[in-house]
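> Questions regarding the structure given below will be posed in turn.
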Amino acid sequence: MSDLKQPSRRISKPKQKAAVPAKAVGKAVRSRVPKPVDRATMVEIFRRWHAANPEPKGELDYTNPYTLLVAVTLSAQATDVGVNKATRALFPVADTPQRMLELGEEGLRQHIKTLNFFNTKAKNVIAMARRLVEEFGGEVPRSVEILETLPGVGRKTASVVVNIAFGDPRVAVDTHIFRVTNRLPLAITKTPLDTQVALEKLIPDEYRLHAHHWLILHGRYICKARKPECWRCPVNDLCRYPDKTIP
Ligand code: SF4
């Protein structure tokens, strides 16, 4: 018996959406990322922050470059309020590297035990005090590159210290500054270090010294991580963030 050929039947597949070329997807995603603001806009942003707060200050308490260095070191993964509470009793007894060594690691631990990672921080602050005494005559070096070699001191801490204590216009980048920079955007960056390099190049000279504080205060109180408060933002009309909020 010969096989009878069945009449061929066309089975129509459910219609699929035409595939979007990967290139186009990339373009769509990229189109959500606005271009950095131009120079005139950047100047205007800093002019407004300056006009509203000409001498911005950090929120950590300190009495000299050394206590500033210790306070910033202790502030990793801790609030400024928490650090200030701990240092209120600490600094009167340990405001120099020599006095910190005399207090000792256990004594320091007792003062800072309310802070996250207090064991590691106590070890680092004592090791740092020893190096400052042995290698720098008990003084805080004025160089970011040298400060970065001290125990527990990273680029951000070193930059904050030289900026505030010595008036060196370095822009220390924390999570707030990274976020604000990329939302406005002043620059599109991938890491805090990229951000620091970009900001130190882009921010007009006359605003660079206080840029760190303006950016941090803006990020902490207005351009918040989860829900920026765009409706009361003083630079809303200049910002290119595509997901601005309303109250
Ligand atoms: S408008 Fe919104 S996103 Fe833009 S800087 Fe202000 S708070 Fe941040």
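By convention in this document, the chains of the structure tokens carry letters A, B, ... by their order, each chain's residues are numbered from 1, and ligands are numbered from 1 in the order they are shown.
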Compile the contact shell of region 161-175 of chain A as a list in words: residues with an atom at most 7 Å away, counting only C-alpha atoms, same-chain residues fewer than 5 positions apart removed.
Pro65, Leu68, Leu69, Arg142, Val144, Lys156, Pro192, Thr195, Gln196, Leu199, Glu200, Arg208, Leu209, Ala211 and His212 of chain A
> Go through the chains and note each residue within 8 Å of ligand 1, using only C-alpha atoms and all ligand atoms, then give the set as a list in words.
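The residues near ligand 1 are Val180, Arg183, Leu184, His218, Gly219, Ile222, Cys223, Lys224, Pro228, Glu229, Cys230, Trp231, Arg232, Cys233, Pro234, Val235, Asn236, Asp237, Leu238, Cys239, Arg240, Tyr241, Pro242, Asp243, Lys244 and Thr245 of chain A.
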> Please write the residues from the selection above to a file, keeping N, CA and C atoms, as an mmCIF file, in the first residue's frame.

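Wrote selection-v6.cif, looks like this:
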```cif
data_model
loop_
_atom_site.group_PDB
_atom_site.id
_atom_site.type_symbol
_atom_site.label_atom_id
_atom_site.label_comp_id
_atom_site.auth_asym_id
_atom_site.auth_seq_id
_atom_site.Cartn_x
_atom_site.Cartn_y
_atom_site.Cartn_z
ATOM 1 N N VAL A 180 23.738 62.104 43.876
ATOM 2 C CA VAL A 180 23.353 63.435 43.368
ATOM 3 C C VAL A 180 24.091 63.741 42.054
ATOM 4 N N ARG A 183 22.397 61.883 39.317
ATOM 5 C CA ARG A 183 20.999 62.224 39.036
ATOM 6 C C ARG A 183 20.885 63.540 38.276
ATOM 7 N N LEU A 184 21.657 64.518 38.680
ATOM 8 C CA LEU A 184 21.473 65.848 38.050
ATOM 9 C C LEU A 184 21.636 65.819 36.517
ATOM 10 N N HIS A 218 22.660 68.278 50.221
ATOM 11 C CA HIS A 218 21.575 68.151 49.250
ATOM 12 C C HIS A 218 21.108 66.689 49.166
ATOM 13 N N GLY A 219 22.067 65.768 49.131
ATOM 14 C CA GLY A 219 21.719 64.344 49.039
ATOM 15 C C GLY A 219 21.079 63.822 50.312
ATOM 16 N N ILE A 222 17.458 66.426 50.697
ATOM 17 C CA ILE A 222 16.495 66.690 49.611
ATOM 18 C C ILE A 222 16.534 65.583 48.547
ATOM 19 N N CYS A 223 17.678 65.356 47.971
ATOM 20 C CA CYS A 223 17.766 64.352 46.901
ATOM 21 C C CYS A 223 18.031 62.992 47.546
ATOM 22 N N LYS A 224 17.045 62.550 48.336
ATOM 23 C CA LYS A 224 17.214 61.328 49.135
ATOM 24 C C LYS A 224 17.227 60.092 48.240
ATOM 25 N N PRO A 228 13.562 61.122 46.176
ATOM 26 C CA PRO A 228 14.059 62.504 46.211
ATOM 27 C C PRO A 228 12.879 63.460 46.357
ATOM 28 N N GLU A 229 13.089 64.546 47.098
ATOM 29 C CA GLU A 229 11.984 65.496 47.307
ATOM 30 C C GLU A 229 12.087 66.627 46.279
ATOM 31 N N CYS A 230 11.826 66.225 45.031
ATOM 32 C CA CYS A 230 12.040 67.133 43.893
ATOM 33 C C CYS A 230 11.164 68.377 43.985
ATOM 34 N N TRP A 231 9.971 68.219 44.584
ATOM 35 C CA TRP A 231 9.043 69.355 44.615
ATOM 36 C C TRP A 231 9.576 70.525 45.435
ATOM 37 N N ARG A 232 10.567 70.266 46.322
ATOM 38 C CA ARG A 232 11.118 71.385 47.089
ATOM 39 C C ARG A 232 12.628 71.552 46.835
ATOM 40 N N CYS A 233 13.036 71.058 45.666
ATOM 41 C CA CYS A 233 14.462 71.099 45.336
ATOM 42 C C CYS A 233 14.807 72.443 44.695
ATOM 43 N N PRO A 234 15.835 73.120 45.192
ATOM 44 C CA PRO A 234 16.163 74.445 44.642
ATOM 45 C C PRO A 234 16.782 74.396 43.248
ATOM 46 N N VAL A 235 17.150 73.202 42.774
ATOM 47 C CA VAL A 235 17.727 73.133 41.429
ATOM 48 C C VAL A 235 16.868 72.252 40.514
ATOM 49 N N ASN A 236 15.601 72.101 40.872
ATOM 50 C CA ASN A 236 14.684 71.245 40.105
ATOM 51 C C ASN A 236 14.668 71.619 38.622
ATOM 52 N N ASP A 237 14.574 72.917 38.325
ATOM 53 C CA ASP A 237 14.453 73.339 36.914
ATOM 54 C C ASP A 237 15.734 73.068 36.116
ATOM 55 N N LEU A 238 16.835 72.800 36.819
ATOM 56 C CA LEU A 238 18.104 72.560 36.118
ATOM 57 C C LEU A 238 18.448 71.072 36.058
ATOM 58 N N CYS A 239 17.709 70.279 36.826
ATOM 59 C CA CYS A 239 18.021 68.853 36.957
ATOM 60 C C CYS A 239 17.403 68.062 35.809
ATOM 61 N N ARG A 240 18.145 67.073 35.318
ATOM 62 C CA ARG A 240 17.662 66.269 34.179
ATOM 63 C C ARG A 240 17.232 64.864 34.590
ATOM 64 N N TYR A 241 17.093 64.610 35.877
ATOM 65 C CA TYR A 241 16.670 63.284 36.343
ATOM 66 C C TYR A 241 15.296 62.969 35.766
ATOM 67 N N PRO A 242 15.116 61.801 35.120
ATOM 68 C CA PRO A 242 13.840 61.543 34.432
ATOM 69 C C PRO A 242 12.698 61.129 35.363
ATOM 70 N N ASP A 243 12.991 60.758 36.608
ATOM 71 C CA ASP A 243 11.924 60.268 37.496
ATOM 72 C C ASP A 243 11.669 61.222 38.655
ATOM 73 N N LYS A 244 11.544 62.493 38.346
ATOM 74 C CA LYS A 244 11.307 63.473 39.413
ATOM 75 C C LYS A 244 9.999 63.176 40.128
ATOM 76 N N THR A 245 9.956 63.507 41.393
ATOM 77 C CA THR A 245 8.772 63.191 42.215
ATOM 78 C C THR A 245 7.931 64.440 42.458
#
```
> Would you kindly return, as a ChimeraX atom specification, each protein, DNA or RNA residue with an atom no farther than 8 Å from any atom of Lys121 (chain A), considering only C-alpha atoms and excluding same-chain residues fewer than 2 positions away?
/A:73-74,117-119,123-125,152
> Please determine, counting only C-alpha atoms, which residue among A:Gly104, A:Glu139, A:Leu115, A:Ser159 has the shortest atom-to-atom distance to Thr87 (chain A).
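For Thr87 (chain A), the nearest of the candidates is A:Leu115.
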> Here is a test: counting only C-alpha atoms, which residue of A:Thr181, A:Ser143, A:Asn116, A:Thr157 is nearest to Gln77 (chain A)?
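With only C-alpha atoms as the atom set, the closest residue is A:Asn116.
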> What's the separation between CA of Ala94 (chain A) and CA of Val140 (chain A), in Å to one decimal place?
14.6 Å
> Can you pull out the residues contacting Asp80 (chain A)? Cut-off 9 Å, using only C-alpha atoms, and skip same-chain residues under 3 positions away; I want them as a ChimeraX atom specification.
/A:59-61,71-72,75,83-85
> What does the structure give for the distance between CA of Thr63 (chain A) and CA of His50 (chain A), in Å to one decimal?
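Answer for the CA of Thr63 (chain A) to CA of His50 (chain A) separation: 25.2 Å.
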> What parts of region 129-165 of chain A does DSSP call alpha helix (DSSP H)? I'd like the answer as JSON, numbers by chain.
{"A": [129, 130, 131, 132, 133, 134, 135, 136, 144, 145, 146, 147, 155, 156, 157, 158, 159, 160, 161, 162, 163, 164, 165]}
> Restricting the calculation to only C-alpha atoms, which member of A:Leu101, A:Leu186, A:Ile246, A:Phe178 is positioned closest to Pro36 (chain A)?
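With only C-alpha atoms as the atom set, the closest residue is A:Leu186.
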> Pick from A:Tyr207, A:His176, A:Lys57, A:Tyr66: nearest to Pro141 (chain A), with only C-alpha atoms counted?
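Residue with the minimum atom-to-atom distance to Pro141 (chain A): A:Tyr66.
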> Counting only C-alpha atoms, which residue out of A:Arg130, A:Arg220, A:His111, A:Arg155 sits closest to Leu193 (chain A)?
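For Leu193 (chain A), the nearest of the given residues is A:Arg155.
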> Quote the spacing between CA of Pro247 (chain A) and CA of Val33 (chain A) in Å to one decimal place.
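Separating CA of Pro247 (chain A) from CA of Val33 (chain A) is a distance of 23.3 Å.
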> In terms of the shortest atom-to-atom distance over only C-alpha atoms, which of A:Val37, A:Ala78, A:Ile188, A:Ala122 is closest to Gly107 (chain A)?
A:Ala122
> Set the distance at 9 Å and use only C-alpha atoms: which residues neighbour Leu150 (chain A) once local chain neighbours fewer than 6 positions away are removed? I'd like the list as a ChimeraX atom specification.
/A:124,127-128,131-132
> Suppose we keep C-alpha atoms; can you now write the selection as a compact mmCIF listing (two decimals), in the first residue's frame?

```txt
# COMPACT_ATOMS: atom_id res chain seq x y z
CA ASN A 124 42.70 51.10 63.60
CA ALA A 127 47.46 51.83 65.13
CA MET A 128 46.94 55.16 63.36
CA ARG A 131 52.12 55.78 63.22
CA LEU A 132 51.33 59.48 63.60
```
